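The structure appears right after this line, and notes come after that.
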Amino acid sequence: MRKLPRRIRPTAVRALLATGLAGAVVTTGLAGSAHAASTLAGSAAAKGRYFGTAVAANHLGESAYASTLDAEFNAVTPENEMKWDAVEATRNTFTYSAADQIVSHAQSKSMKVRGHTLVWHSQLPGWVGSLGTTDLRTAMNNHITQVMTHYKGKIYAWDVVNEAFQDGSSGARRSSPFQDKLGNGYIEEAFRTARSVDPNAKLCYNDYNTDGQSAKSNAVYAMVKDFKQRGVPIDCVGFQSHFNSASPVPSDYQANLQRFADLGVDVQITELDIEGSGTAQATSYGKVTTACLAVTRCTGITVWGIPDKYSWRSSGTPLLFDNNYAKKPAYTAVLTALGGTTGGGGGGGTATCTTTYARTNVWSDRFNGQVTVTAGSSAITAWSVNVTFTSPQKVSTTWSGTPTWDSSGNVMTMKPNGNGSLAAGASTSFGFTVMTNGNTNAPTVGACTAS
Ligand code: G3I
């Protein structure tokens, strides 16, 4: 399996995550709650794009998972269920049950399906690597033919070939049974076979670390250019877009999408996730969304999972929903960039805000909590959040806000220090230290009210 650079986190935070002490609670604004809120799918559709997510079949039975999927997304990518090891673990015996579950769910909700993936060096059963050249060619074309025939007419776009290039400065092809035995021509052959099976599915090349200009993306670019010049069937390029602090959104992200689009292919953001939290994460998500919207041929965005807890790198909390399916500031940033509105609805410029809570430090006798307040789709001039603590906890200090307390001493109303103005989608945070006195419960963060 490939390795992405991972962000180094402070040990304390890692320990917290490992013990499950760090939590997140999000509440939505009160104002306008009677109006229908906009969604990722709805606001993307208004811009002529889809908004998708990776889906795992084994979570579809979880009601919060399915209801979030159905409410917010209009495209899905099976996260693992269509990979070679899932559908053809044994030569010529095809198993589609898990992938079928996802496809039928998607069809029942009129969602697009991205097929992922036909030819990839990873999650490849051992028998494929043991074949001789002629046999491998037959097996590759048979795999493409069988799987695409099974799903013919149901797939919007296929990742025909995935991650065929090396990282680093060489621009070379990655070693794999296909590359090593069939040579450079295997990619072209896979695309030609795919076109012959389902001429209506868009055929994509998909890769990571190709999100800005680099030796690797230049090599992919040269291949796509060559394919277009010679009439090899290719319709789209997928940019996985797995980001973290060691591998942030490149400054030339939009320009890179555009140069591929200029070759005459669609571009899609196919596996978006960005490790981090709060405003920094939200800002990066906003940038990616804005970049796609600025490129006419960027047809949609897919995030690589719904709640953080089901991410392939869950400790980096890289997704738009927290473990309780509450919308994170990153969600609001994407929605706002898509032109959607949070809660307020009606286009009347209603002031709303949302909050995210995180436990940021912990010691034997106390912990620090942080609440991030994010304005909705309209600018706000003031906000107020109630935070309720459990007796015998006592707050010893607060920062970045002005607190008042109720008579019980357990409910704090936090308001801005001075000017409470936030631009649409912008965030600010306040914090506090809780002396546990033996009780480590997270505080309850109430609704955020804005004006
Ligand atoms: O389902 C089995 C379970 O039965 C078993 O007990 C467990 C023990 O290891 O493994 C489970 O399978 C895991 C599977 O995810 C489902 O959770 C595999 O080990 C694990 O390797 C697999 O990881 C997937 C990874 O691709 C494999 O390369 C991730 O879920 C998936 O998100 C990730 O997705 C890839 C894209 O396909 C291509 N681009 C990069 C992206 C992230 O790595």
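Ordering of the structure tokens sets the chain letters (A, B, ...), residue numbers begin anew at 1 in every chain, and ligands are numbered from 1 in the order given.
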- Running DSSP on the backbone, which parts of region 70-216 of chain A land in helix (DSSP H, G or I), as a PyMOL selection string? chain A and resi 70-72+84-87+97-108+126-129+133-150+177-182+185-197+215-216
Can you build me a table of chain A residues sitting at most 9 Å from ligand 1, with the closest atom pair per residue and its distance in Å to one decimal, using only C-alpha atoms and all ligand atoms, sorted by chain and residue number, as JSON lines?
{"residue": "A:Met1", "atom": "CA", "partner": "ligand 1", "partner_atom_place_in_ligand_line": "28 (O)", "distance": 5.3}
{"residue": "A:Arg2", "atom": "CA", "partner": "ligand 1", "partner_atom_place_in_ligand_line": "43 (O)", "distance": 6.9}
{"residue": "A:Lys3", "atom": "CA", "partner": "ligand 1", "partner_atom_place_in_ligand_line": "43 (O)", "distance": 8.0}
{"residue": "A:Leu4", "atom": "CA", "partner": "ligand 1", "partner_atom_place_in_ligand_line": "43 (O)", "distance": 8.3}
{"residue": "A:Ala54", "atom": "CA", "partner": "ligand 1", "partner_atom_place_in_ligand_line": "32 (O)", "distance": 8.0}
{"residue": "A:Ala56", "atom": "CA", "partner": "ligand 1", "partner_atom_place_in_ligand_line": "16 (C)", "distance": 8.1}
{"residue": "A:Pro78", "atom": "CA", "partner": "ligand 1", "partner_atom_place_in_ligand_line": "37 (O)", "distance": 8.8}
{"residue": "A:Glu79", "atom": "CA", "partner": "ligand 1", "partner_atom_place_in_ligand_line": "32 (O)", "distance": 5.6}
{"residue": "A:Asn80", "atom": "CA", "partner": "ligand 1", "partner_atom_place_in_ligand_line": "31 (C)", "distance": 6.0}
{"residue": "A:Glu81", "atom": "CA", "partner": "ligand 1", "partner_atom_place_in_ligand_line": "16 (C)", "distance": 8.8}
{"residue": "A:Lys83", "atom": "CA", "partner": "ligand 1", "partner_atom_place_in_ligand_line": "37 (O)", "distance": 7.8}
{"residue": "A:His116", "atom": "CA", "partner": "ligand 1", "partner_atom_place_in_ligand_line": "37 (O)", "distance": 7.1}
{"residue": "A:Thr117", "atom": "CA", "partner": "ligand 1", "partner_atom_place_in_ligand_line": "37 (O)", "distance": 7.5}
{"residue": "A:Trp120", "atom": "CA", "partner": "ligand 1", "partner_atom_place_in_ligand_line": "38 (C)", "distance": 8.7}
{"residue": "A:Ser122", "atom": "CA", "partner": "ligand 1", "partner_atom_place_in_ligand_line": "28 (O)", "distance": 6.0}
{"residue": "A:Gln123", "atom": "CA", "partner": "ligand 1", "partner_atom_place_in_ligand_line": "28 (O)", "distance": 6.0}
{"residue": "A:Asn162", "atom": "CA", "partner": "ligand 1", "partner_atom_place_in_ligand_line": "38 (C)", "distance": 7.2}
{"residue": "A:Glu163", "atom": "CA", "partner": "ligand 1", "partner_atom_place_in_ligand_line": "39 (N)", "distance": 7.5}
{"residue": "A:Asn206", "atom": "CA", "partner": "ligand 1", "partner_atom_place_in_ligand_line": "39 (N)", "distance": 8.3}
{"residue": "A:Asp207", "atom": "CA", "partner": "ligand 1", "partner_atom_place_in_ligand_line": "39 (N)", "distance": 7.1}
{"residue": "A:Tyr208", "atom": "CA", "partner": "ligand 1", "partner_atom_place_in_ligand_line": "39 (N)", "distance": 6.9}
{"residue": "A:Gln240", "atom": "CA", "partner": "ligand 1", "partner_atom_place_in_ligand_line": "39 (N)", "distance": 6.6}
{"residue": "A:His242", "atom": "CA", "partner": "ligand 1", "partner_atom_place_in_ligand_line": "42 (C)", "distance": 7.8}
{"residue": "A:Thr270", "atom": "CA", "partner": "ligand 1", "partner_atom_place_in_ligand_line": "39 (N)", "distance": 8.9}
{"residue": "A:Glu271", "atom": "CA", "partner": "ligand 1", "partner_atom_place_in_ligand_line": "39 (N)", "distance": 7.0}
{"residue": "A:Trp304", "atom": "CA", "partner": "ligand 1", "partner_atom_place_in_ligand_line": "32 (O)", "distance": 7.0}
{"residue": "A:Gly305", "atom": "CA", "partner": "ligand 1", "partner_atom_place_in_ligand_line": "32 (O)", "distance": 8.0}
{"residue": "A:Tyr310", "atom": "CA", "partner": "ligand 1", "partner_atom_place_in_ligand_line": "30 (O)", "distance": 8.6}
{"residue": "A:Ser311", "atom": "CA", "partner": "ligand 1", "partner_atom_place_in_ligand_line": "32 (O)", "distance": 6.8}
{"residue": "A:Trp312", "atom": "CA", "partner": "ligand 1", "partner_atom_place_in_ligand_line": "32 (O)", "distance": 4.7}
{"residue": "A:Arg313", "atom": "CA", "partner": "ligand 1", "partner_atom_place_in_ligand_line": "32 (O)", "distance": 8.1}
- Hey, what's within 8 Å of region 104-111 of chain A if we count only C-alpha atoms and toss same-chain stuff fewer than 4 positions away? As a PyMOL selection string, please? chain A and resi 70+73-76+100+154
- Counting only C-alpha atoms, closest pick from A:Ser176, A:Asn417, A:Thr77, A:Ser130 relative to Gly115 (chain A) is A:Thr77
- DSSP on the backbone: what in region 170-337 of chain A comes out strand (DSSP E or B), as a ChimeraX atom specification? /A:173,202-207,236-239,242-244,247,266-274,298-303,307,321,327
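We find CA of Thr93 (chain A) and CA of Asn58 (chain A) to be spaced 21.7 Å apart.
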- Residues at most 8 Å from Gly431 (chain A), counting only C-alpha atoms, excluding those fewer than 3 positions away in the same chain, as a PyMOL selection string? chain A and resi 368-371+398-401
- Closest of A:Ala99, A:Ala291, A:Val395, A:Ala375 to Tyr331 (chain A), counting only C-alpha atoms, is A:Ala375
- When distances are computed from only C-alpha atoms, which of A:Ser427, A:Thr90, A:Thr193, A:Asn256 shows the smallest separation from Gly278 (chain A)? A:Ser427
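Among the candidate residues A:Thr449, A:Gln254, A:Gln229, A:Ser429, the one lying nearest to Thr290 (chain A) is A:Gln254, with distances computed using only C-alpha atoms.
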- Could you name the residues that touch Thr133 (chain A) at 12 Å or less, counting only C-alpha atoms, but leaving out those on the same chain fewer than 2 positions away, as a ChimeraX atom specification? /A:128-131,135-140,177-183,186
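Once Phe191 (chain A) and its same-chain neighbours fewer than 4 positions away are set aside, Val160, Ile187, Arg195, Pro233 and Ile234 of chain A remain within 7 Å of it when counting only C-alpha atoms.
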- Distance query Leu118 (chain A) at most 10 Å, only C-alpha atoms, self and fewer than 6 positions along chain excluded, as a VMD selection string: chain A and resid 82 to 84 140 to 141 143 to 145 147 to 148 158 to 162 190 194
Restricting the output to C-alpha atoms, write the selected residues as a compact mmCIF listing (two decimals), in the first residue's frame.
# COMPACT_ATOMS: atom_id res chain seq x y z
CA MET A 82 -15.17 -2.79 -6.73
CA LYS A 83 -11.44 -3.39 -6.39
CA TRP A 84 -9.92 -6.47 -7.99
CA MET A 140 -6.62 -7.91 -17.37
CA ASN A 141 -8.91 -7.58 -20.37
CA HIS A 143 -11.46 -8.45 -15.63
CA ILE A 144 -12.29 -5.12 -17.29
CA THR A 145 -14.83 -6.77 -19.58
CA VAL A 147 -16.85 -5.98 -14.32
CA MET A 148 -17.83 -3.27 -16.78
CA TRP A 158 -14.67 4.48 -14.27
CA ASP A 159 -11.20 4.82 -12.80
CA VAL A 160 -9.86 2.51 -15.50
CA VAL A 161 -6.26 2.71 -14.33
CA ASN A 162 -5.25 3.91 -10.87
CA ALA A 190 -6.98 -1.07 -20.66
CA ALA A 194 -12.96 -0.34 -21.42
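As for CA of Ala330 (chain A) and CA of Ile301 (chain A), they are spaced 14.2 Å apart.
Between Val197 (chain A) and the residues A:Tyr151, A:Phe432, A:Tyr357, A:Phe243, the shortest atom-to-atom distance, using only C-alpha atoms, involves A:Tyr151.
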- Counting only C-alpha atoms, closest pick from A:Thr149, A:Asn419, A:Ser217, A:Ser97 relative to Leu257 (chain A) is A:Ser217
Sort by chain and increasing residue number a table of all residues of region 255-338 of chain A within 7 Å of region 41-51 of chain A, each with its closest pair of atoms and their distance in Å to one decimal, counting only C-alpha atoms, and write it as CSV.
residue,atom,partner,partner_atom,distance
A:Thr299,CA,A:Arg49,CA,5.1
A:Gly300,CA,A:Tyr50,CA,4.6
A:Ile301,CA,A:Phe51,CA,5.1
A:Thr302,CA,A:Phe51,CA,5.8
A:Leu338,CA,A:Ser43,CA,5.7
Mind dumping the selected residues with all heavy atoms as a short mmCIF file (atom, residue, chain, number, x, y, z; two decimals), in the first residue's frame?
data_model
loop_
_atom_site.label_atom_id
_atom_site.label_comp_id
_atom_site.auth_asym_id
_atom_site.auth_seq_id
_atom_site.Cartn_x
_atom_site.Cartn_y
_atom_site.Cartn_z
N THR A 299 -15.96 18.52 -13.17
CA THR A 299 -17.37 18.14 -13.17
C THR A 299 -17.89 17.74 -11.79
O THR A 299 -19.10 17.62 -11.61
CB THR A 299 -17.62 16.98 -14.16
OG1 THR A 299 -16.79 15.87 -13.80
CG2 THR A 299 -17.32 17.41 -15.58
N GLY A 300 -17.01 17.52 -10.83
CA GLY A 300 -17.52 17.17 -9.50
C GLY A 300 -16.41 16.90 -8.52
O GLY A 300 -15.24 16.75 -8.86
N ILE A 301 -16.84 16.84 -7.26
CA ILE A 301 -15.93 16.61 -6.14
C ILE A 301 -16.45 15.40 -5.37
O ILE A 301 -17.64 15.31 -5.09
CB ILE A 301 -15.92 17.84 -5.20
CG1 ILE A 301 -15.41 19.09 -5.95
CG2 ILE A 301 -15.08 17.56 -3.94
CD1 ILE A 301 -15.48 20.38 -5.13
N THR A 302 -15.55 14.49 -5.04
CA THR A 302 -15.88 13.36 -4.17
C THR A 302 -14.98 13.43 -2.95
O THR A 302 -13.76 13.50 -3.08
CB THR A 302 -15.66 12.02 -4.89
OG1 THR A 302 -16.53 11.97 -6.03
CG2 THR A 302 -15.97 10.83 -3.98
N LEU A 338 -19.68 26.61 -2.43
CA LEU A 338 -20.60 26.14 -3.48
C LEU A 338 -21.78 27.10 -3.66
O LEU A 338 -22.64 26.87 -4.52
CB LEU A 338 -21.14 24.75 -3.13
CG LEU A 338 -20.15 23.58 -3.22
CD1 LEU A 338 -20.76 22.32 -2.60
CD2 LEU A 338 -19.73 23.31 -4.66
#
